[in-house]
Amino acid sequence: MVNNLEHLSDEEAPNSAASDWDVLSSEKPIEEREYEQNERSLQDELYSTVDGRVNTISNVGQELCSIMKDADHPFSKRLEENFDGFISSKRLTGRATLEGLFAYANAMFPPAFKNEVRDIEKVEDARDLFRQSARREGTQTADKIDEIAKTFSVDGSKNDLMIASCLRNIGDDSENYAVRLAEAVISYSENPNDEDNRKKLNLVQSDHEGALTTTFFRIAETFDSSNTEIGKKMFDPTSALIGTLAVSTDEYYDGIVKYLRFKIKNSRIPLENQSEK
């Protein structure tokens with residue numbers, strides 16, 4: 001996870017706490033230290049991917065809102081508030097889902113160097129919380145995107161209604177993706193060797209990426225075919241967003257798979273249940 005100390009100056013950082021951590025860390029066996037470092041690195045990559053995706057959407061949202069402001073569009077303020085709400089919600093729920101994933105993986109795959117066995121009750125509780133976090137992220141994402149869609153549908157023009165419809169499709173797919181991905185992760189974790197479980201993970205990802213890309217292309221095309229100056233200007237930032245989101249979605253999926261494989265490989269579960277083909 002992100003180390004908050006890295007953002008502090010030497011004078012501001014709580015040196016005594018850092019020193020205590022260094023002492024404790026140095027007392028740990030090298031195997032344990034390497035495991036923790038690798039785990040933190042994989043977790044940080046996922047946090048960074050989530051934050052980067054949110055920042056990208058935020059930047060595009062600001063650009064679209066600026067275009068509407070410059071044209072004195074009556075709904076520019078409302079759209080800005082919509083994007084602010086979406087960004088704030090997505091950042092919090094995206095991180096919460098990752099925290100749920102990490103807690104579930106920790107319960108499911110105790111590291112080999114610890115004298116622990118899998119606690120079934122702890123696994124079930126963590127699994128439920130992971131599911132709830134993913135479902136909450138999906139639901140809130142759909143709700144916030146629907147608010148943006150409502151703003152586009154206010155004046156009832158054909159193009160704006162098309163964009164609103166596409167946005168709702170993106171919201172619905174994002175909600176579905178959050179739930180399906182969590183379930184696929186759970187199935188895979190319970191039996192990593194099952195070919196169907198690996199296929200399920202890949203299918204969830206490919207379905208989402210395809211739906212996201214196709215729908216955003218429709219939005220970009222709608223902007224491009226617009227007879228208004230505002231619509232024409234919104235084409236470029238929307239087109240740029242398509243490619244960025246596709247890459248970010250792949251990075252998120254790859255990061256989850258890498259993290260799970262690391263946890264499985266270094267766990268105490270029986271060897272026959274943790275090997276990768």
# chains A, B, ... in the order shown; residues from 1 in each chain; ligands from 1

call {"tool": "residues_around", "arguments": {"residues": "range 242-250 of chain A", "least_positions_apart": "6", "cutoff": "12 Å", "atoms": "only C-alpha atoms", "output": "PyMOL selection string"}}
result
chain A and resi 45-57+59-60+174+177-178+202+204-221+235-236+256-257

call {"tool": "write_last_selection", "arguments": {"atoms": "N, CA and C atoms", "output": "tab-separated table (two decimals), in the first residue's frame"}}
result
chain	number	residue	atom	x	y	z
A	45	GLU	N	0.92	-1.14	-7.32
A	45	GLU	CA	0.65	-1.08	-8.76
A	45	GLU	C	-0.85	-1.00	-9.02
A	46	LEU	N	-1.62	-1.78	-8.27
A	46	LEU	CA	-3.07	-1.76	-8.45
A	46	LEU	C	-3.68	-0.44	-7.98
A	47	TYR	N	-3.22	0.06	-6.84
A	47	TYR	CA	-3.71	1.36	-6.37
A	47	TYR	C	-3.38	2.45	-7.39
A	48	SER	N	-2.18	2.39	-7.93
A	48	SER	CA	-1.75	3.38	-8.91
A	48	SER	C	-2.60	3.31	-10.18
A	49	THR	N	-2.94	2.09	-10.60
A	49	THR	CA	-3.78	1.93	-11.79
A	49	THR	C	-5.17	2.51	-11.56
A	50	VAL	N	-5.75	2.23	-10.40
A	50	VAL	CA	-7.08	2.77	-10.08
A	50	VAL	C	-7.04	4.28	-10.03
A	51	ASP	N	-6.04	4.84	-9.35
A	51	ASP	CA	-5.93	6.29	-9.25
A	51	ASP	C	-5.68	6.93	-10.61
A	52	GLY	N	-4.83	6.28	-11.42
A	52	GLY	CA	-4.53	6.82	-12.74
A	52	GLY	C	-5.76	6.85	-13.63
A	53	ARG	N	-6.58	5.82	-13.56
A	53	ARG	CA	-7.80	5.78	-14.37
A	53	ARG	C	-8.76	6.88	-13.95
A	54	VAL	N	-8.91	7.06	-12.65
A	54	VAL	CA	-9.80	8.11	-12.14
A	54	VAL	C	-9.28	9.49	-12.55
A	55	ASN	N	-7.96	9.68	-12.46
A	55	ASN	CA	-7.39	10.97	-12.84
A	55	ASN	C	-7.60	11.26	-14.32
A	56	THR	N	-7.48	10.23	-15.14
A	56	THR	CA	-7.70	10.41	-16.58
A	56	THR	C	-9.13	10.83	-16.87
A	57	ILE	N	-10.08	10.15	-16.26
A	57	ILE	CA	-11.49	10.50	-16.44
A	57	ILE	C	-11.75	11.91	-15.93
A	59	ASN	N	-9.62	14.42	-15.82
A	59	ASN	CA	-9.05	15.39	-16.76
A	59	ASN	C	-9.94	15.57	-17.98
A	60	VAL	N	-10.47	14.46	-18.50
A	60	VAL	CA	-11.37	14.55	-19.66
A	60	VAL	C	-12.66	15.26	-19.27
A	174	SER	N	-20.53	-1.39	-16.31
A	174	SER	CA	-19.56	-1.24	-15.23
A	174	SER	C	-20.06	-1.90	-13.95
A	177	TYR	N	-19.73	-5.61	-14.51
A	177	TYR	CA	-18.32	-6.00	-14.51
A	177	TYR	C	-17.78	-6.13	-13.09
A	178	ALA	N	-18.11	-5.17	-12.23
A	178	ALA	CA	-17.60	-5.19	-10.86
A	178	ALA	C	-18.04	-6.47	-10.14
A	202	ASN	N	-10.83	-14.46	-17.86
A	202	ASN	CA	-10.52	-13.83	-19.15
A	202	ASN	C	-11.78	-13.32	-19.85
A	204	VAL	N	-14.70	-12.36	-18.49
A	204	VAL	CA	-15.22	-11.17	-17.81
A	204	VAL	C	-14.48	-9.93	-18.29
A	205	GLN	N	-13.16	-10.05	-18.38
A	205	GLN	CA	-12.35	-8.91	-18.80
A	205	GLN	C	-12.59	-8.54	-20.26
A	206	SER	N	-12.58	-9.52	-21.14
A	206	SER	CA	-12.76	-9.23	-22.57
A	206	SER	C	-14.15	-8.68	-22.87
A	207	ASP	N	-15.17	-9.20	-22.18
A	207	ASP	CA	-16.53	-8.68	-22.38
A	207	ASP	C	-16.62	-7.21	-21.98
A	208	HIS	N	-16.02	-6.88	-20.84
A	208	HIS	CA	-16.07	-5.50	-20.35
A	208	HIS	C	-15.30	-4.56	-21.27
A	209	GLU	N	-14.12	-4.97	-21.66
A	209	GLU	CA	-13.31	-4.10	-22.52
A	209	GLU	C	-13.99	-3.87	-23.87
A	210	GLY	N	-14.61	-4.93	-24.40
A	210	GLY	CA	-15.31	-4.79	-25.67
A	210	GLY	C	-16.49	-3.86	-25.57
A	211	ALA	N	-17.29	-4.02	-24.52
A	211	ALA	CA	-18.47	-3.17	-24.33
A	211	ALA	C	-18.07	-1.72	-24.12
A	212	LEU	N	-17.03	-1.51	-23.32
A	212	LEU	CA	-16.57	-0.15	-23.01
A	212	LEU	C	-16.08	0.56	-24.27
A	213	THR	N	-15.23	-0.12	-25.02
A	213	THR	CA	-14.66	0.48	-26.23
A	213	THR	C	-15.73	0.77	-27.27
A	214	THR	N	-16.61	-0.19	-27.51
A	214	THR	CA	-17.66	-0.02	-28.52
A	214	THR	C	-18.58	1.14	-28.18
A	215	THR	N	-18.98	1.23	-26.93
A	215	THR	CA	-19.92	2.28	-26.52
A	215	THR	C	-19.29	3.66	-26.56
A	216	PHE	N	-18.04	3.76	-26.14
A	216	PHE	CA	-17.36	5.06	-26.21
A	216	PHE	C	-17.13	5.50	-27.65
A	217	PHE	N	-16.89	4.54	-28.54
A	217	PHE	CA	-16.76	4.89	-29.95
A	217	PHE	C	-18.07	5.48	-30.48
A	218	ARG	N	-19.19	4.93	-30.04
A	218	ARG	CA	-20.49	5.47	-30.45
A	218	ARG	C	-20.67	6.90	-29.95
A	219	ILE	N	-20.22	7.15	-28.74
A	219	ILE	CA	-20.31	8.52	-28.21
A	219	ILE	C	-19.43	9.46	-29.03
A	220	ALA	N	-18.19	9.03	-29.31
A	220	ALA	CA	-17.28	9.86	-30.09
A	220	ALA	C	-17.84	10.14	-31.48
A	221	GLU	N	-18.41	9.12	-32.10
A	221	GLU	CA	-19.01	9.30	-33.43
A	221	GLU	C	-20.19	10.26	-33.39
A	235	PHE	N	-15.28	15.79	-29.51
A	235	PHE	CA	-14.85	14.55	-30.16
A	235	PHE	C	-13.44	14.13	-29.75
A	236	ASP	N	-12.48	15.06	-29.80
A	236	ASP	CA	-11.08	14.71	-29.53
A	236	ASP	C	-10.85	14.18	-28.12
A	256	ILE	N	-4.40	-7.63	-11.06
A	256	ILE	CA	-5.13	-8.54	-10.18
A	256	ILE	C	-4.63	-9.98	-10.36
A	257	VAL	N	-4.45	-10.39	-11.60
A	257	VAL	CA	-3.98	-11.75	-11.88
A	257	VAL	C	-2.57	-11.96	-11.32

call {"tool": "select_by_dssp", "arguments": {"residues": "range 62-245 of chain A", "states": "alpha helix (DSSP H)", "output": "PyMOL selection string"}}
result
chain A and resi 62-70+76-108+120-152+158-190+195-224+229-245

call {"tool": "closest_residue", "arguments": {"among": "A:Asp84, A:Glu99, A:Asp128, A:Asp224", "to": "Asp44 in chain A", "atoms": "only C-alpha atoms"}}
result
A:Glu99

call {"tool": "atom_distance", "arguments": {"atom1": "CA of Pro237 in chain A", "atom2": "CA of Tyr252 in chain A"}}
result
22.0 Å

call {"tool": "residues_around", "arguments": {"residues": "range 168-173 of chain A", "least_positions_apart": "3", "cutoff": "6 Å", "atoms": "only C-alpha atoms", "output": "mmCIF file with all heavy atoms, in the first residue's frame"}}
result
data_model
loop_
_atom_site.group_PDB
_atom_site.id
_atom_site.type_symbol
_atom_site.label_atom_id
_atom_site.label_comp_id
_atom_site.auth_asym_id
_atom_site.auth_seq_id
_atom_site.Cartn_x
_atom_site.Cartn_y
_atom_site.Cartn_z
ATOM 1 N N ALA A 142 -22.642 3.058 -11.553
ATOM 2 C CA ALA A 142 -23.821 3.140 -12.424
ATOM 3 C C ALA A 142 -24.685 4.346 -12.061
ATOM 4 O O ALA A 142 -25.184 5.069 -12.942
ATOM 5 C CB ALA A 142 -24.633 1.851 -12.325
ATOM 6 N N ILE A 145 -22.895 7.651 -13.162
ATOM 7 C CA ILE A 145 -22.922 7.806 -14.618
ATOM 8 C C ILE A 145 -24.334 8.149 -15.089
ATOM 9 O O ILE A 145 -24.528 8.924 -16.029
ATOM 10 C CB ILE A 145 -22.407 6.525 -15.308
ATOM 11 C CG1 ILE A 145 -20.905 6.365 -15.047
ATOM 12 C CG2 ILE A 145 -22.667 6.568 -16.815
ATOM 13 C CD1 ILE A 145 -20.293 5.113 -15.639
ATOM 14 N N ASP A 146 -25.340 7.593 -14.417
ATOM 15 C CA ASP A 146 -26.728 7.911 -14.769
ATOM 16 C C ASP A 146 -27.021 9.393 -14.550
ATOM 17 O O ASP A 146 -27.792 9.984 -15.315
ATOM 18 C CB ASP A 146 -27.686 7.058 -13.928
ATOM 19 C CG ASP A 146 -29.134 7.223 -14.366
ATOM 20 O OD1 ASP A 146 -29.429 6.930 -15.545
ATOM 21 O OD2 ASP A 146 -29.962 7.660 -13.542
ATOM 22 N N SER A 165 -28.052 7.554 -23.700
ATOM 23 C CA SER A 165 -28.292 6.106 -23.775
ATOM 24 C C SER A 165 -26.981 5.329 -23.697
ATOM 25 O O SER A 165 -26.890 4.307 -22.996
ATOM 26 C CB SER A 165 -29.021 5.776 -25.078
ATOM 27 O OG SER A 165 -29.188 4.383 -25.225
ATOM 28 N N ASN A 176 -22.164 -4.447 -13.833
ATOM 29 C CA ASN A 176 -22.100 -5.879 -14.098
ATOM 30 C C ASN A 176 -20.669 -6.393 -14.001
ATOM 31 O O ASN A 176 -20.401 -7.463 -13.441
ATOM 32 C CB ASN A 176 -22.673 -6.153 -15.492
ATOM 33 C CG ASN A 176 -22.732 -7.635 -15.824
ATOM 34 O OD1 ASN A 176 -23.180 -8.438 -15.016
ATOM 35 N ND2 ASN A 176 -22.283 -7.992 -17.015
ATOM 36 N N TYR A 177 -19.733 -5.614 -14.514
ATOM 37 C CA TYR A 177 -18.320 -6.001 -14.514
ATOM 38 C C TYR A 177 -17.777 -6.128 -13.092
ATOM 39 O O TYR A 177 -17.068 -7.095 -12.767
ATOM 40 C CB TYR A 177 -17.516 -4.959 -15.287
ATOM 41 C CG TYR A 177 -16.017 -5.119 -15.207
ATOM 42 C CD1 TYR A 177 -15.374 -6.206 -15.794
ATOM 43 C CD2 TYR A 177 -15.235 -4.162 -14.563
ATOM 44 C CE1 TYR A 177 -13.995 -6.341 -15.744
ATOM 45 C CE2 TYR A 177 -13.855 -4.291 -14.503
ATOM 46 C CZ TYR A 177 -13.244 -5.377 -15.095
ATOM 47 O OH TYR A 177 -11.878 -5.508 -15.030
#

call {"tool": "residues_around", "arguments": {"residues": "range 183-194 of chain A", "least_positions_apart": "2", "cutoff": "10 Å", "atoms": "only C-alpha atoms", "output": "ChimeraX atom specification"}}
result
/A:101,104-105,108-109,127,130-131,134,177-181,196-205,256-257,260-261,263-264,272-277

call {"tool": "closest_residue", "arguments": {"among": "A:Met68, A:Ile120, A:Leu79, A:Ala126", "to": "Phe152 in chain A", "atoms": "only C-alpha atoms"}}
result
A:Leu79

call {"tool": "residues_around", "arguments": {"residues": "Ala107 in chain A", "least_positions_apart": "4", "cutoff": "8 Å", "atoms": "only C-alpha atoms", "output": "list in words"}}
result
Ala103, Arg118, Asp119, Lys122, Val123 and Ala126 of chain A

call {"tool": "write_last_selection", "arguments": {"atoms": "C-alpha atoms", "output": "PDB file, in the first residue's frame"}}
result
ATOM      1  CA  ALA A 103      -8.150  -8.905   2.778  1.00  0.00           C
ATOM      2  CA  ARG A 118      -6.565 -21.276   6.416  1.00  0.00           C
ATOM      3  CA  ASP A 119      -9.320 -20.129   8.776  1.00  0.00           C
ATOM      4  CA  LYS A 122     -12.183 -15.734   8.350  1.00  0.00           C
ATOM      5  CA  VAL A 123     -12.204 -16.587   4.641  1.00  0.00           C
ATOM      6  CA  ALA A 126     -13.478 -11.636   3.968  1.00  0.00           C
TER       7      ALA A 126
END

call {"tool": "atom_distance", "arguments": {"atom1": "CA of Glu39 in chain A", "atom2": "CA of Leu92 in chain A"}}
result
21.5 Å

call {"tool": "closest_residue", "arguments": {"among": "A:Arg268, A:Leu161, A:Arg136, A:Pro74", "to": "Glu116 in chain A", "atoms": "only C-alpha atoms"}}
result
A:Arg268

call {"tool": "closest_residue", "arguments": {"among": "A:Phe262, A:Arg135, A:Arg95, A:Met162", "to": "Asn38 in chain A", "atoms": "only C-alpha atoms"}}
result
A:Phe262

call {"tool": "atom_distance", "arguments": {"atom1": "CA of Ile148 in chain A", "atom2": "CA of Gly255 in chain A"}}
result
29.3 Å

call {"tool": "residues_around", "arguments": {"residues": "Asp155 in chain A", "least_positions_apart": "4", "cutoff": "12 Å", "atoms": "only C-alpha atoms", "output": "compact mmCIF listing (two decimals) with all heavy atoms, in the first residue's frame"}}
result
# COMPACT_ATOMS: atom_id res chain seq x y z
N HIS A 73 -22.86 27.27 -22.16
CA HIS A 73 -23.95 26.29 -22.17
C HIS A 73 -24.65 26.30 -20.81
O HIS A 73 -23.99 26.30 -19.76
CB HIS A 73 -23.38 24.89 -22.45
CG HIS A 73 -24.43 23.89 -22.83
ND1 HIS A 73 -25.31 23.33 -21.93
CD2 HIS A 73 -24.76 23.35 -24.04
CE1 HIS A 73 -26.12 22.50 -22.54
NE2 HIS A 73 -25.81 22.48 -23.84
N PRO A 74 -25.97 26.29 -20.79
CA PRO A 74 -26.70 26.40 -19.53
C PRO A 74 -26.51 25.23 -18.57
O PRO A 74 -26.76 25.35 -17.37
CB PRO A 74 -28.17 26.50 -19.98
CG PRO A 74 -28.20 25.92 -21.36
CD PRO A 74 -26.89 26.26 -21.96
N PHE A 75 -26.05 24.08 -19.09
CA PHE A 75 -25.90 22.92 -18.23
C PHE A 75 -24.44 22.61 -17.87
O PHE A 75 -24.13 21.54 -17.35
CB PHE A 75 -26.51 21.69 -18.90
CG PHE A 75 -27.98 21.81 -19.16
CD1 PHE A 75 -28.49 21.55 -20.42
CD2 PHE A 75 -28.86 22.21 -18.16
CE1 PHE A 75 -29.85 21.68 -20.68
CE2 PHE A 75 -30.21 22.34 -18.41
CZ PHE A 75 -30.72 22.08 -19.66
N ALA A 149 -25.76 11.10 -17.51
CA ALA A 149 -26.67 10.81 -18.63
C ALA A 149 -27.91 11.70 -18.57
O ALA A 149 -28.39 12.20 -19.60
CB ALA A 149 -27.08 9.34 -18.61
N LYS A 150 -28.43 11.91 -17.37
CA LYS A 150 -29.62 12.77 -17.21
C LYS A 150 -29.34 14.19 -17.68
O LYS A 150 -30.21 14.83 -18.29
CB LYS A 150 -30.06 12.78 -15.75
CG LYS A 150 -30.71 11.49 -15.29
CD LYS A 150 -31.06 11.56 -13.80
CE LYS A 150 -31.69 10.26 -13.32
NZ LYS A 150 -31.96 10.26 -11.86
N THR A 151 -28.14 14.68 -17.42
CA THR A 151 -27.78 16.03 -17.86
C THR A 151 -27.78 16.12 -19.38
O THR A 151 -28.25 17.11 -19.96
CB THR A 151 -26.41 16.43 -17.29
OG1 THR A 151 -26.49 16.46 -15.86
CG2 THR A 151 -25.98 17.80 -17.79
N ASN A 159 -29.03 13.74 -30.73
CA ASN A 159 -27.66 13.38 -30.40
C ASN A 159 -27.44 13.25 -28.89
O ASN A 159 -26.77 12.33 -28.42
CB ASN A 159 -26.68 14.42 -30.95
CG ASN A 159 -26.43 14.23 -32.43
OD1 ASN A 159 -26.79 13.20 -33.00
ND2 ASN A 159 -25.82 15.22 -33.07
N ASP A 160 -28.00 14.19 -28.14
CA ASP A 160 -27.83 14.14 -26.68
C ASP A 160 -28.52 12.92 -26.08
O ASP A 160 -28.02 12.32 -25.12
CB ASP A 160 -28.39 15.42 -26.03
CG ASP A 160 -27.46 16.61 -26.24
OD1 ASP A 160 -26.32 16.39 -26.67
OD2 ASP A 160 -27.87 17.75 -25.97
N LEU A 161 -29.67 12.56 -26.63
CA LEU A 161 -30.35 11.36 -26.15
C LEU A 161 -29.54 10.10 -26.48
O LEU A 161 -29.52 9.15 -25.69
CB LEU A 161 -31.74 11.26 -26.76
CG LEU A 161 -32.77 12.29 -26.25
CD1 LEU A 161 -34.08 12.14 -27.02
CD2 LEU A 161 -33.01 12.10 -24.75
N ALA A 164 -26.75 10.01 -23.96
CA ALA A 164 -27.29 9.60 -22.66
C ALA A 164 -27.52 8.09 -22.61
O ALA A 164 -27.22 7.43 -21.62
CB ALA A 164 -28.60 10.35 -22.38

call {"tool": "closest_residue", "arguments": {"among": "A:Ile87, A:Ile163, A:Ala112, A:Ala182", "to": "Thr222 in chain A", "atoms": "only C-alpha atoms"}}
result
A:Ile163
